[in-house]
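As stored in model-v6.csv (CSV, C-alpha atoms):
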```csv
chain,number,residue,atom,x,y,z
A,1,MET,CA,30.6,3.6,-44.1
A,2,THR,CA,32.2,2.7,-40.7
A,3,GLN,CA,33.9,-0.7,-40.6
A,4,ARG,CA,32.7,-2.9,-37.8
A,5,ARG,CA,35.4,-3.7,-35.3
A,6,LYS,CA,36.5,-7.3,-35.1
A,7,ARG,CA,35.9,-9.1,-31.8
A,8,VAL,CA,39.1,-9.6,-29.8
A,9,THR,CA,39.9,-13.3,-29.2
A,10,GLN,CA,41.5,-15.0,-26.2
A,11,ALA,CA,44.4,-16.0,-28.5
A,12,GLU,CA,45.2,-12.4,-29.2
A,13,VAL,CA,45.1,-11.6,-25.5
A,14,ALA,CA,47.4,-14.6,-24.8
A,15,ARG,CA,50.0,-13.4,-27.4
A,16,LEU,CA,50.0,-9.9,-25.9
A,17,ALA,CA,50.4,-11.2,-22.4
A,18,GLY,CA,53.0,-13.8,-23.4
A,19,VAL,CA,51.0,-16.7,-21.9
A,20,SER,CA,49.0,-19.6,-23.2
A,21,GLN,CA,45.4,-19.3,-24.3
A,22,ALA,CA,44.5,-21.7,-21.5
A,23,MET,CA,46.0,-19.4,-18.9
A,24,VAL,CA,43.8,-16.5,-20.2
A,25,SER,CA,40.8,-18.8,-19.8
A,26,LEU,CA,41.9,-19.7,-16.2
A,27,VAL,CA,42.1,-16.0,-15.3
A,28,LEU,CA,38.8,-15.1,-16.9
A,29,ASN,CA,36.9,-18.0,-15.3
A,30,ASP,CA,38.7,-17.9,-12.0
A,31,SER,CA,38.8,-21.6,-12.0
A,32,ASP,CA,38.5,-23.3,-8.6
A,33,GLY,CA,41.6,-25.2,-7.3
A,34,VAL,CA,44.0,-23.7,-9.9
A,35,ARG,CA,46.5,-21.2,-8.6
A,36,VAL,CA,47.7,-18.5,-11.0
A,37,ALA,CA,50.9,-16.5,-10.0
A,38,PRO,CA,50.0,-12.9,-9.2
A,39,GLU,CA,52.5,-11.5,-11.8
A,40,THR,CA,51.0,-13.8,-14.5
A,41,ARG,CA,47.4,-12.7,-13.5
A,42,LYS,CA,48.4,-9.1,-13.7
A,43,ARG,CA,49.9,-9.5,-17.2
A,44,VAL,CA,46.7,-11.2,-18.4
A,45,GLU,CA,44.5,-8.5,-16.8
A,46,ASP,CA,46.6,-5.7,-18.3
A,47,ALA,CA,46.3,-7.3,-21.8
A,48,LEU,CA,42.5,-7.7,-21.3
A,49,ARG,CA,42.1,-4.0,-20.5
A,50,GLN,CA,44.5,-3.0,-23.4
A,51,THR,CA,42.6,-5.0,-26.0
A,52,GLY,CA,39.1,-4.3,-24.7
A,53,TYR,CA,38.3,-8.0,-24.6
A,54,THR,CA,34.6,-8.7,-24.0
A,55,VAL,CA,33.6,-11.8,-22.1
A,56,ASP,CA,31.5,-14.4,-24.0
A,57,ILE,CA,28.5,-14.2,-21.8
A,58,MET,CA,26.5,-17.1,-23.2
A,59,GLY,CA,29.6,-19.2,-23.2
A,60,ARG,CA,30.2,-18.5,-19.5
A,61,ARG,CA,26.6,-19.4,-18.7
A,62,LEU,CA,26.9,-22.7,-20.5
A,63,ARG,CA,29.9,-23.5,-18.4
A,64,GLY,CA,28.0,-22.7,-15.3
A,65,LYS,CA,29.8,-19.4,-14.5
A,66,SER,CA,28.3,-16.3,-13.1
A,67,ASN,CA,27.9,-13.3,-15.5
A,68,GLN,CA,27.5,-10.8,-12.6
A,69,ILE,CA,24.4,-9.6,-14.4
A,70,ILE,CA,21.0,-9.0,-12.8
A,71,GLY,CA,18.1,-8.7,-15.2
A,72,VAL,CA,15.1,-6.3,-14.7
A,73,PHE,CA,11.9,-7.4,-16.4
A,74,THR,CA,8.8,-5.2,-16.4
A,75,TYR,CA,5.3,-6.3,-17.5
A,76,GLU,CA,4.5,-2.6,-18.2
A,77,ALA,CA,6.5,0.2,-19.9
A,78,VAL,CA,8.6,2.1,-17.4
A,79,PHE,CA,9.8,5.1,-19.5
A,80,PRO,CA,6.6,7.0,-20.4
A,81,SER,CA,6.3,10.2,-18.3
A,82,GLY,CA,3.1,9.0,-16.8
A,83,THR,CA,4.8,6.1,-15.1
A,84,ALA,CA,8.1,7.8,-14.2
A,85,ASP,CA,7.0,8.7,-10.6
A,86,PHE,CA,5.8,5.1,-10.0
A,87,TYR,CA,8.7,3.0,-11.3
A,88,GLY,CA,11.6,5.5,-10.9
A,89,PRO,CA,12.2,4.9,-7.2
A,90,PHE,CA,12.1,1.1,-7.7
A,91,LEU,CA,14.7,1.3,-10.5
A,92,GLY,CA,16.8,3.7,-8.4
A,93,GLY,CA,16.9,1.3,-5.5
A,94,ILE,CA,17.7,-1.6,-7.9
A,95,GLU,CA,20.5,0.3,-9.6
A,96,GLU,CA,22.1,1.5,-6.4
A,97,GLU,CA,22.1,-1.9,-4.7
A,98,SER,CA,23.3,-3.7,-7.8
A,99,GLU,CA,26.3,-1.4,-8.0
A,100,ALA,CA,27.0,-2.0,-4.4
A,101,GLN,CA,26.9,-5.7,-4.9
A,102,GLY,CA,29.1,-5.7,-8.0
A,103,PHE,CA,26.5,-6.6,-10.5
A,104,ASP,CA,25.6,-5.0,-13.9
A,105,LEU,CA,21.9,-4.5,-14.8
A,106,LEU,CA,20.2,-5.7,-18.0
A,107,LEU,CA,16.7,-4.3,-18.8
A,108,PHE,CA,14.4,-6.6,-20.7
A,109,THR,CA,11.6,-4.8,-22.6
A,110,SER,CA,9.6,-5.5,-25.7
A,111,PRO,CA,10.9,-8.3,-28.0
A,112,GLY,CA,8.8,-10.9,-26.1
A,113,ARG,CA,5.6,-8.9,-26.5
A,114,ARG,CA,2.6,-10.9,-27.8
A,115,GLN,CA,-1.0,-9.7,-28.1
A,116,GLY,CA,0.0,-6.4,-26.5
A,117,ARG,CA,1.5,-8.0,-23.4
A,118,ARG,CA,5.2,-8.5,-22.5
A,119,LYS,CA,6.3,-12.1,-22.1
A,120,VAL,CA,9.2,-13.8,-20.4
A,121,TYR,CA,9.2,-16.8,-22.6
A,122,GLU,CA,9.7,-16.5,-26.4
A,123,GLU,CA,9.3,-19.7,-28.5
A,124,GLY,CA,9.6,-21.8,-25.4
A,125,SER,CA,12.9,-20.2,-24.2
A,126,ASN,CA,13.3,-18.1,-21.1
A,127,ARG,CA,14.5,-14.7,-22.4
A,128,LEU,CA,15.9,-13.8,-19.0
A,129,GLY,CA,18.4,-16.6,-19.1
A,130,ILE,CA,21.3,-14.4,-20.2
A,131,ALA,CA,21.2,-12.9,-16.7
A,132,ASP,CA,22.2,-14.8,-13.5
A,133,GLY,CA,18.8,-13.9,-12.0
A,134,CYS,CA,16.1,-11.3,-12.4
A,135,ILE,CA,14.0,-8.7,-10.6
A,136,LEU,CA,10.4,-8.7,-11.9
A,137,LEU,CA,7.9,-5.8,-11.7
A,138,GLY,CA,4.4,-5.2,-12.9
A,139,ARG,CA,0.8,-5.4,-11.8
A,140,HIS,CA,-0.4,-7.5,-14.7
A,141,THR,CA,1.5,-10.7,-14.1
A,142,ASP,CA,1.3,-13.8,-16.3
A,143,ARG,CA,0.4,-16.6,-13.9
A,144,ASP,CA,1.5,-19.4,-16.2
A,145,GLU,CA,4.9,-17.8,-16.7
A,146,LEU,CA,5.3,-17.2,-13.0
A,147,ASP,CA,4.5,-20.9,-12.3
A,148,ARG,CA,7.0,-21.9,-15.0
A,149,LEU,CA,9.8,-19.7,-13.6
A,150,VAL,CA,9.2,-21.3,-10.1
A,151,ASP,CA,9.1,-24.8,-11.6
A,152,GLU,CA,12.4,-24.3,-13.5
A,153,ARG,CA,14.0,-22.8,-10.3
A,154,PHE,CA,15.2,-19.7,-12.2
A,155,PRO,CA,16.4,-17.2,-9.6
A,156,PHE,CA,14.1,-14.2,-9.4
A,157,VAL,CA,12.5,-11.8,-7.0
A,158,PHE,CA,9.2,-10.1,-7.6
A,159,ILE,CA,8.6,-6.6,-6.4
A,160,GLY,CA,5.2,-7.0,-4.9
A,161,ARG,CA,3.7,-10.0,-3.1
A,162,ARG,CA,3.0,-12.9,-5.5
A,163,GLU,CA,1.8,-16.5,-5.1
A,164,SER,CA,2.3,-19.5,-7.3
A,165,SER,CA,0.8,-23.0,-7.4
A,166,ALA,CA,4.3,-24.3,-8.3
A,167,GLY,CA,6.0,-23.3,-5.1
A,168,PRO,CA,7.1,-20.3,-3.0
A,169,VAL,CA,7.8,-17.1,-4.8
A,170,SER,CA,10.5,-14.8,-3.6
A,171,TYR,CA,9.2,-11.2,-3.2
A,172,VAL,CA,9.6,-7.8,-1.6
A,173,GLY,CA,6.3,-6.0,-1.1
A,174,GLY,CA,4.6,-3.3,0.8
A,175,ASP,CA,2.5,-4.3,3.9
A,176,TYR,CA,-0.8,-3.1,2.4
A,177,ALA,CA,-2.9,-4.9,4.9
A,178,ALA,CA,-1.4,-3.2,7.8
A,179,ALA,CA,-1.3,0.2,6.1
A,180,THR,CA,-5.0,-0.1,5.1
A,181,ALA,CA,-6.0,-1.0,8.6
A,182,GLU,CA,-4.0,2.0,10.0
A,183,LEU,CA,-5.8,4.4,7.6
A,184,TYR,CA,-9.1,2.9,8.7
A,185,GLU,CA,-8.1,3.5,12.4
A,186,ARG,CA,-7.3,7.1,11.5
A,187,LEU,CA,-10.8,7.6,10.2
A,188,TRP,CA,-12.3,5.8,13.2
A,189,SER,CA,-10.5,8.1,15.5
A,190,LEU,CA,-12.1,11.1,13.8
A,191,GLY,CA,-15.5,9.6,14.4
A,192,HIS,CA,-16.3,7.9,11.1
A,193,ARG,CA,-18.5,4.8,11.6
A,194,ARG,CA,-19.5,4.1,8.0
A,195,VAL,CA,-16.3,3.5,6.1
A,196,ALA,CA,-16.4,1.8,2.7
A,197,LEU,CA,-13.6,0.2,0.6
A,198,VAL,CA,-13.5,0.9,-3.1
A,199,GLY,CA,-11.1,-1.5,-4.8
A,200,TYR,CA,-10.2,-2.9,-8.2
A,201,ARG,CA,-12.5,-5.3,-9.9
A,202,GLU,CA,-9.4,-7.3,-11.1
A,203,GLU,CA,-8.2,-9.6,-8.4
A,204,SER,CA,-4.5,-9.5,-7.4
A,205,GLU,CA,-2.4,-10.1,-4.3
A,206,SER,CA,-2.1,-6.3,-3.5
A,207,THR,CA,-5.9,-5.9,-3.8
A,208,ALA,CA,-6.5,-8.9,-1.6
A,209,ASP,CA,-4.0,-7.5,1.0
A,210,ARG,CA,-5.8,-4.2,1.1
A,211,ARG,CA,-9.2,-5.9,1.5
A,212,SER,CA,-7.8,-8.1,4.2
A,213,GLY,CA,-6.6,-5.0,6.2
A,214,TYR,CA,-10.0,-3.4,5.7
A,215,LEU,CA,-12.0,-6.4,6.9
A,216,ARG,CA,-9.7,-6.9,9.9
A,217,ALA,CA,-10.4,-3.3,11.0
A,218,CYS,CA,-14.2,-3.8,10.4
A,219,ARG,CA,-14.1,-6.9,12.6
A,220,ARG,CA,-12.1,-5.1,15.3
A,221,HIS,CA,-14.8,-2.5,15.5
A,222,ARG,CA,-17.7,-4.8,14.9
A,223,LYS,CA,-18.8,-2.9,11.8
A,224,ALA,CA,-20.4,-4.5,8.7
A,225,PRO,CA,-18.0,-4.1,5.7
A,226,LEU,CA,-19.0,-2.3,2.5
A,227,ALA,CA,-16.6,-3.3,-0.2
A,228,LEU,CA,-17.3,-2.0,-3.7
A,229,THR,CA,-15.5,-3.0,-7.0
A,230,ASP,CA,-17.6,-1.3,-9.6
A,231,ASP,CA,-15.6,0.4,-12.4
A,232,ASP,CA,-18.2,3.1,-12.8
A,233,PRO,CA,-17.5,6.0,-10.4
A,234,THR,CA,-21.1,7.3,-10.6
A,235,ALA,CA,-22.5,3.9,-9.5
A,236,VAL,CA,-20.0,3.8,-6.7
A,237,PHE,CA,-20.8,7.4,-5.6
A,238,ASP,CA,-24.6,6.6,-5.6
A,239,ARG,CA,-24.0,3.5,-3.5
A,240,LEU,CA,-21.9,5.5,-1.0
A,241,ARG,CA,-24.7,8.1,-0.6
A,242,ALA,CA,-27.4,5.5,-0.3
A,243,ASP,CA,-25.5,3.7,2.5
A,244,GLU,CA,-24.7,7.1,4.3
A,245,VAL,CA,-21.0,6.5,4.0
A,246,THR,CA,-18.9,9.3,5.5
A,247,ALA,CA,-15.5,8.0,4.5
A,248,ALA,CA,-14.1,5.9,1.6
A,249,LEU,CA,-10.8,4.0,1.3
A,250,VAL,CA,-10.1,4.0,-2.4
A,251,GLU,CA,-7.4,1.8,-4.1
A,252,ALA,CA,-7.1,3.7,-7.4
A,253,THR,CA,-6.2,7.4,-7.4
A,254,GLU,CA,-8.3,8.0,-10.5
A,255,MET,CA,-11.4,6.6,-8.9
A,256,ALA,CA,-10.7,8.7,-5.8
A,257,ALA,CA,-10.4,11.8,-8.0
A,258,ALA,CA,-13.7,10.9,-9.8
A,259,LEU,CA,-15.5,10.5,-6.5
A,260,ARG,CA,-14.2,13.8,-5.2
A,261,ALA,CA,-15.4,15.5,-8.4
A,262,LEU,CA,-18.8,13.9,-8.1
A,263,ALA,CA,-19.1,15.0,-4.5
A,264,THR,CA,-18.2,18.6,-5.1
A,265,GLY,CA,-20.4,18.6,-8.2
A,266,CYS,CA,-23.5,17.9,-6.1
A,267,GLY,CA,-22.6,20.4,-3.3
A,268,LEU,CA,-20.8,18.1,-0.9
A,269,ARG,CA,-17.5,19.1,0.7
A,270,VAL,CA,-14.4,16.9,0.9
A,271,PRO,CA,-13.4,16.1,3.6
A,272,GLU,CA,-16.2,17.7,5.6
A,273,ASP,CA,-19.1,15.7,4.1
A,274,LEU,CA,-17.1,12.8,2.5
A,275,SER,CA,-13.5,11.9,3.6
A,276,ILE,CA,-11.4,10.0,1.0
A,277,GLY,CA,-8.2,8.1,1.7
A,278,VAL,CA,-6.1,6.7,-1.1
A,279,LEU,CA,-4.6,3.3,-0.4
A,280,GLY,CA,-1.1,4.0,-1.6
A,281,ASP,CA,0.3,4.8,-5.0
A,282,THR,CA,-1.5,2.6,-7.5
A,283,ASP,CA,-1.1,1.2,-11.0
A,284,PRO,CA,0.3,4.0,-13.2
A,285,THR,CA,-0.6,2.2,-16.5
A,286,GLN,CA,-4.4,2.2,-15.8
A,287,THR,CA,-6.2,4.6,-18.1
A,288,SER,CA,-9.2,6.6,-17.0
A,289,ALA,CA,-12.6,5.4,-18.2
A,290,TRP,CA,-14.2,8.7,-17.1
A,291,PRO,CA,-13.4,12.4,-17.5
A,292,LEU,CA,-11.7,13.9,-14.4
A,293,ARG,CA,-13.4,17.1,-13.3
A,294,THR,CA,-10.9,17.9,-10.6
A,295,ALA,CA,-7.5,19.4,-10.4
A,296,PRO,CA,-4.8,16.7,-10.5
A,297,GLU,CA,-2.7,18.2,-7.6
A,298,VAL,CA,-5.0,17.0,-4.8
A,299,ASP,CA,-3.3,16.7,-1.4
A,300,TRP,CA,-4.5,13.1,-0.8
A,301,THR,CA,-4.4,11.4,2.5
A,302,THR,CA,-2.7,8.2,1.7
A,303,PHE,CA,0.2,6.0,2.6
A,304,ARG,CA,3.7,6.0,1.1
A,305,ILE,CA,5.0,2.8,-0.5
A,306,PRO,CA,8.8,2.4,0.3
A,307,ARG,CA,9.6,1.8,-3.4
A,308,ARG,CA,13.4,2.6,-3.3
A,309,GLU,CA,13.9,0.3,-0.3
A,310,MET,CA,11.8,-2.4,-2.0
A,311,GLY,CA,14.1,-2.3,-5.1
A,312,ALA,CA,17.2,-2.4,-3.0
A,313,ARG,CA,16.0,-5.3,-0.7
A,314,ALA,CA,14.9,-7.3,-3.8
A,315,VAL,CA,18.5,-7.1,-5.1
A,316,ARG,CA,20.0,-8.1,-1.8
A,317,ILE,CA,17.7,-11.2,-1.6
A,318,LEU,CA,18.4,-12.1,-5.2
A,319,VAL,CA,22.2,-11.9,-4.7
A,320,GLY,CA,21.8,-14.0,-1.6
A,321,MET,CA,20.0,-16.6,-3.7
A,322,LEU,CA,22.7,-16.5,-6.4
A,323,ARG,CA,25.4,-17.0,-3.8
A,324,GLY,CA,23.7,-20.0,-2.3
A,325,GLU,CA,22.9,-18.2,1.0
A,326,MET,CA,19.1,-18.3,0.6
A,327,LYS,CA,16.5,-20.6,-1.0
A,328,PRO,CA,13.0,-19.5,-2.0
A,329,GLY,CA,10.8,-19.5,1.1
A,330,ARG,CA,10.0,-17.4,4.1
A,331,LYS,CA,13.4,-15.8,4.3
A,332,THR,CA,13.0,-14.5,0.8
A,333,GLN,CA,9.5,-13.2,1.3
A,334,VAL,CA,9.5,-9.7,2.8
A,335,LEU,CA,6.8,-7.1,3.4
A,336,LEU,CA,8.0,-3.6,4.3
A,337,PRO,CA,5.9,-1.1,6.3
A,338,CYS,CA,4.2,1.8,4.5
A,339,GLU,CA,4.2,5.3,6.0
A,340,LEU,CA,0.9,7.1,6.6
A,341,VAL,CA,0.7,10.5,4.9
A,342,GLU,CA,-1.7,13.0,6.4
A,343,GLY,CA,-3.3,15.0,3.6
A,344,ALA,CA,-6.2,17.3,3.1
A,345,THR,CA,-8.8,14.7,2.2
A,346,VAL,CA,-9.2,13.2,5.7
A,347,THR,CA,-9.2,16.0,8.2
A,348,ALA,CA,-12.7,16.3,9.6
A,349,ALA,CA,-15.2,14.4,11.7
A,350,PRO,CA,-18.4,13.3,9.8
A,351,PRO,CA,-21.4,15.7,9.9
A,352,ALA,CA,-23.2,13.7,12.6
A,353,ARG,CA,-20.3,14.1,15.0
A,354,ARG,CA,-20.1,17.9,14.5
A,355,ARG,CA,-23.7,18.5,15.4
```

What do you get writing this file as C-alpha cells?
Amino acid sequence: MTQRRKRVTQAEVARLAGVSQAMVSLVLNDSDGVRVAPETRKRVEDALRQTGYTVDIMGRRLRGKSNQIIGVFTYEAVFPSGTADFYGPFLGGIEEESEAQGFDLLLFTSPGRRQGRRKVYEEGSNRLGIADGCILLGRHTDRDELDRLVDERFPFVFIGRRESSAGPVSYVGGDYAAATAELYERLWSLGHRRVALVGYREESESTADRRSGYLRACRRHRKAPLALTDDDPTAVFDRLRADEVTAALVEATEMAAALRALATGCGLRVPEDLSIGVLGDTDPTQTSAWPLRTAPEVDWTTFRIPRREMGARAVRILVGMLRGEMKPGRKTQVLLPCELVEGATVTAAPPARRR
C-alpha cells in the first residue's frame, strides 16, 4: 500500500531557506507595505519549489488573499459526446484567456446535485467560494440561487444574458435579437411574406431575445406575427400549413429537423415549399420527444454563436471585477454579434413568387 505523502509546512520551508517562518508567510502572501530583500525572496522561492509546498487555499481566502483561481460551474453536464460541440468552444475560450490572465481553473460539477439538478449552494454554503470568482454556464438556471449570488456580491459572470430581481447580473451573451431579425430580413428579401417563429415553451432570456428580434422585424414590415410554442411538431406543422406559412424561424434544431421530416413526408420540398431557418445553436441537453425521420447532417441556414469569444470575454470581465476595475452593471453586460450562415434550407423564393 502506497504511503500518503505528508503535507510540507511553512516551518520546513523556513528551515531549508534559513529564514523565519514569518518571512516565508510574507513571501507567500506578498504582504502590502513590507519589503523583502530580493536575495531573501529568492531563497524562499527556491525552497518552496524544492519542497513542493502547496498553498493553503482556504486559509488564504479567510485572510482576504486572492487564490488566482477562476471557477467554472455548469448547470448541465459538459463532457457527454452529445454536448461536446456546444460547450467545447466556451471552455476553450475560458481556458485560453484564464491562462493569459494568470489564473488557474477549477471545474465544479456534481456534488451539489439535488433532485437531478446541479446546485451552487450546499447546506447553505456557496460551493464556489473556494475560487476568487466564477464563470457560470447553462440554460436551466436556478433563479433563487442567481438572486442569492447577486445579493451576496459574489464575483461571477454568466455566459448568456441573465436577469435578477436582486440587482444587475454580469454576463456575456450572443445578440440573438439582432441575429433573428437579420435572418427574418434574409427571408423577406427572398419574397417570404408569411414567416412564423417556433420557439421553446419554457421562458428564458435567450428565448425572449429571439422573440423580440422576430417581433421587431414583423413591425418593420407591418406583418402580423405568428409565434408558436407547442412541443408537438405535428401540431406545429399543421398550424404552419393552415396559415400558409412559407418560412419558419425555429429555435430548437430538433424541432427544425422534425418539421423538415414532416414536410418531406407529405411531399413538400425544403426549401422550395417551406424554408426553415434555425436560430443559432440551441440547448444540447434537450432530448427529443419525437422520432427524427431525417438525416442528422442537414446543412441548416442558421447563425453562428461566437462561443469561444464569449468564454474569453467572460474571463476578462471577471478578472476586471476581481481587480476592482469593474463593478456589476452596464460595463459588465456584453452582447456579441452572431454571424449569419447561409445553408441549404433557405435558398428559394416561396411558391407564389415563382409563378

With the cut-off set at 6 Å and counting all atoms listed in the file, tabulate each residue of stretch 122-236 of chain A with an atom at most that distance from an atom of stretch 328-334 of chain A, showing the nearest atom pair and its distance in Å to one decimal, ordered by chain and increasing number, as CSV.
```
residue,atom,partner,partner_atom,distance
A:Pro168,CA,A:Gly329,CA,5.6
A:Ser170,CA,A:Thr332,CA,5.1
A:Tyr171,CA,A:Gln333,CA,4.9
A:Val172,CA,A:Val334,CA,4.8
```

Minimum-distance residue to A:Gly199, chosen among A:Met326, A:Leu48, A:Ile159, A:Val278 (using only C-alpha atoms):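 Checking each of A:Met326, A:Leu48, A:Ile159, A:Val278 against A:Gly199, counting only C-alpha atoms, the winner is A:Val278.
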
Using only C-alpha atoms, can you tell me which of A:Glu76, A:Asp273, A:Glu96, A:Glu254 comes closest to A:Pro233?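 Closest candidate: A:Glu254.
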
For atom CA of A:Leu335 and atom CA of A:Tyr200, the interatomic separation in Å (one decimal): 21.0 Å

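Compared by their closest atoms to A:Leu183, and using all atoms listed in the file, the residues A:Ser165, A:Gln50, A:Thr301, A:Thr109 rank with A:Thr301 nearest.
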
Within 12 Å of (11.1, -6.7, -20.4) in the file's own coordinates, which protein, DNA or RNA residues have an atom, counting all atoms listed in the file? List them as a PyMOL selection string. chain A and resi 71-79+106-113+117-122+126-128+134-138

One-decimal distance in Å that lies between atom CA of A:Glu45 and atom CA of A:Gln21: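 Computing it gives 13.2 Å between the two atoms.
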
Polymer residues at most 12 Å from (-27.0, 2.9, 4.0) by only C-alpha atoms, as a CSV table (one decimal) with C-alpha atoms, in the frame of the given file:
```
chain,number,residue,atom,x,y,z
A,193,ARG,CA,-18.5,4.8,11.6
A,194,ARG,CA,-19.5,4.1,8.0
A,195,VAL,CA,-16.3,3.5,6.1
A,196,ALA,CA,-16.4,1.8,2.7
A,224,ALA,CA,-20.4,-4.5,8.7
A,225,PRO,CA,-18.0,-4.1,5.7
A,226,LEU,CA,-19.0,-2.3,2.5
A,238,ASP,CA,-24.6,6.6,-5.6
A,239,ARG,CA,-24.0,3.5,-3.5
A,240,LEU,CA,-21.9,5.5,-1.0
A,241,ARG,CA,-24.7,8.1,-0.6
A,242,ALA,CA,-27.4,5.5,-0.3
A,243,ASP,CA,-25.5,3.7,2.5
A,244,GLU,CA,-24.7,7.1,4.3
A,245,VAL,CA,-21.0,6.5,4.0
A,246,THR,CA,-18.9,9.3,5.5
```

Find the residues near stretch 205-207 of chain A: any atom within 10 Å, counting all atoms listed in the file, skip ones fewer than 3 places away on the same chain, and give them as a PyMOL selection string. chain A and resi 139+160-163+173-177+199-202+210-212+251+279+282

Those same residues, written as a PDB file, in the coordinates of the input with C-alpha atoms?
```pdb
ATOM      1  CA  ARG A 139       0.800  -5.400 -11.800  1.00  0.00           C
ATOM      2  CA  GLY A 160       5.200  -7.000  -4.900  1.00  0.00           C
ATOM      3  CA  ARG A 161       3.700 -10.000  -3.100  1.00  0.00           C
ATOM      4  CA  ARG A 162       3.000 -12.900  -5.500  1.00  0.00           C
ATOM      5  CA  GLU A 163       1.800 -16.500  -5.100  1.00  0.00           C
ATOM      6  CA  GLY A 173       6.300  -6.000  -1.100  1.00  0.00           C
ATOM      7  CA  GLY A 174       4.600  -3.300   0.800  1.00  0.00           C
ATOM      8  CA  ASP A 175       2.500  -4.300   3.900  1.00  0.00           C
ATOM      9  CA  TYR A 176      -0.800  -3.100   2.400  1.00  0.00           C
ATOM     10  CA  ALA A 177      -2.900  -4.900   4.900  1.00  0.00           C
ATOM     11  CA  GLY A 199     -11.100  -1.500  -4.800  1.00  0.00           C
ATOM     12  CA  TYR A 200     -10.200  -2.900  -8.200  1.00  0.00           C
ATOM     13  CA  ARG A 201     -12.500  -5.300  -9.900  1.00  0.00           C
ATOM     14  CA  GLU A 202      -9.400  -7.300 -11.100  1.00  0.00           C
ATOM     15  CA  ARG A 210      -5.800  -4.200   1.100  1.00  0.00           C
ATOM     16  CA  ARG A 211      -9.200  -5.900   1.500  1.00  0.00           C
ATOM     17  CA  SER A 212      -7.800  -8.100   4.200  1.00  0.00           C
ATOM     18  CA  GLU A 251      -7.400   1.800  -4.100  1.00  0.00           C
ATOM     19  CA  LEU A 279      -4.600   3.300  -0.400  1.00  0.00           C
ATOM     20  CA  THR A 282      -1.500   2.600  -7.500  1.00  0.00           C
TER      21      THR A 282
END
```

Which residues, written as a list in words, have at least one atom at most 8 Å from A:Val44, with only C-alpha atoms counted and residues fewer than 6 positions away on the same chain left out? Val13, Ala14, Ala17, Val19, Val24 and Val27 of chain A

For atom CA of A:Leu26 and atom CA of A:Leu322, quote the distance in Å rounded to one decimal.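 Taking atom CA of A:Leu26 as the start and atom CA of A:Leu322 as the end point, the length is 21.8 Å.
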
Quick one: residues within 10 Å of A:Pro306, all atoms listed in the file counted, chain neighbours fewer than 2 positions away excluded, as a ChimeraX atom specification? /A:89-90,173-175,303-304,308-311,336-339

Check the smallest atom-to-atom distance from each of A:Ile70, A:Ile317, A:Cys218, A:Ala247 to A:Arg269 using only C-alpha atoms, then report the winner. A:Ala247

Shortest contact to A:Leu340, candidates A:Arg186, A:Arg15, A:Arg143, A:Arg49, atoms counted only C-alpha atoms, goes to A:Arg186

Tell me which of A:Val169, A:Ala179, A:Ala257, A:Val157 sits closest to A:Thr302, counting only C-alpha atoms.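 Ranked by minimum distance to A:Thr302, first place goes to A:Ala179.
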
Determine, counting only C-alpha atoms, which protein, DNA and RNA residues have an atom within 12 Å of an atom of A:Glu99; residues of the same chain fewer than 2 positions away are not included. Present the result as a list in words.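 Selected residues are Gln68, Ile69, Ile70, Gly92, Gly93, Ile94, Glu95, Glu96, Glu97, Gln101, Gly102, Phe103, Asp104, Leu105, Ala312, Val315, Arg316 and Val319 of chain A.
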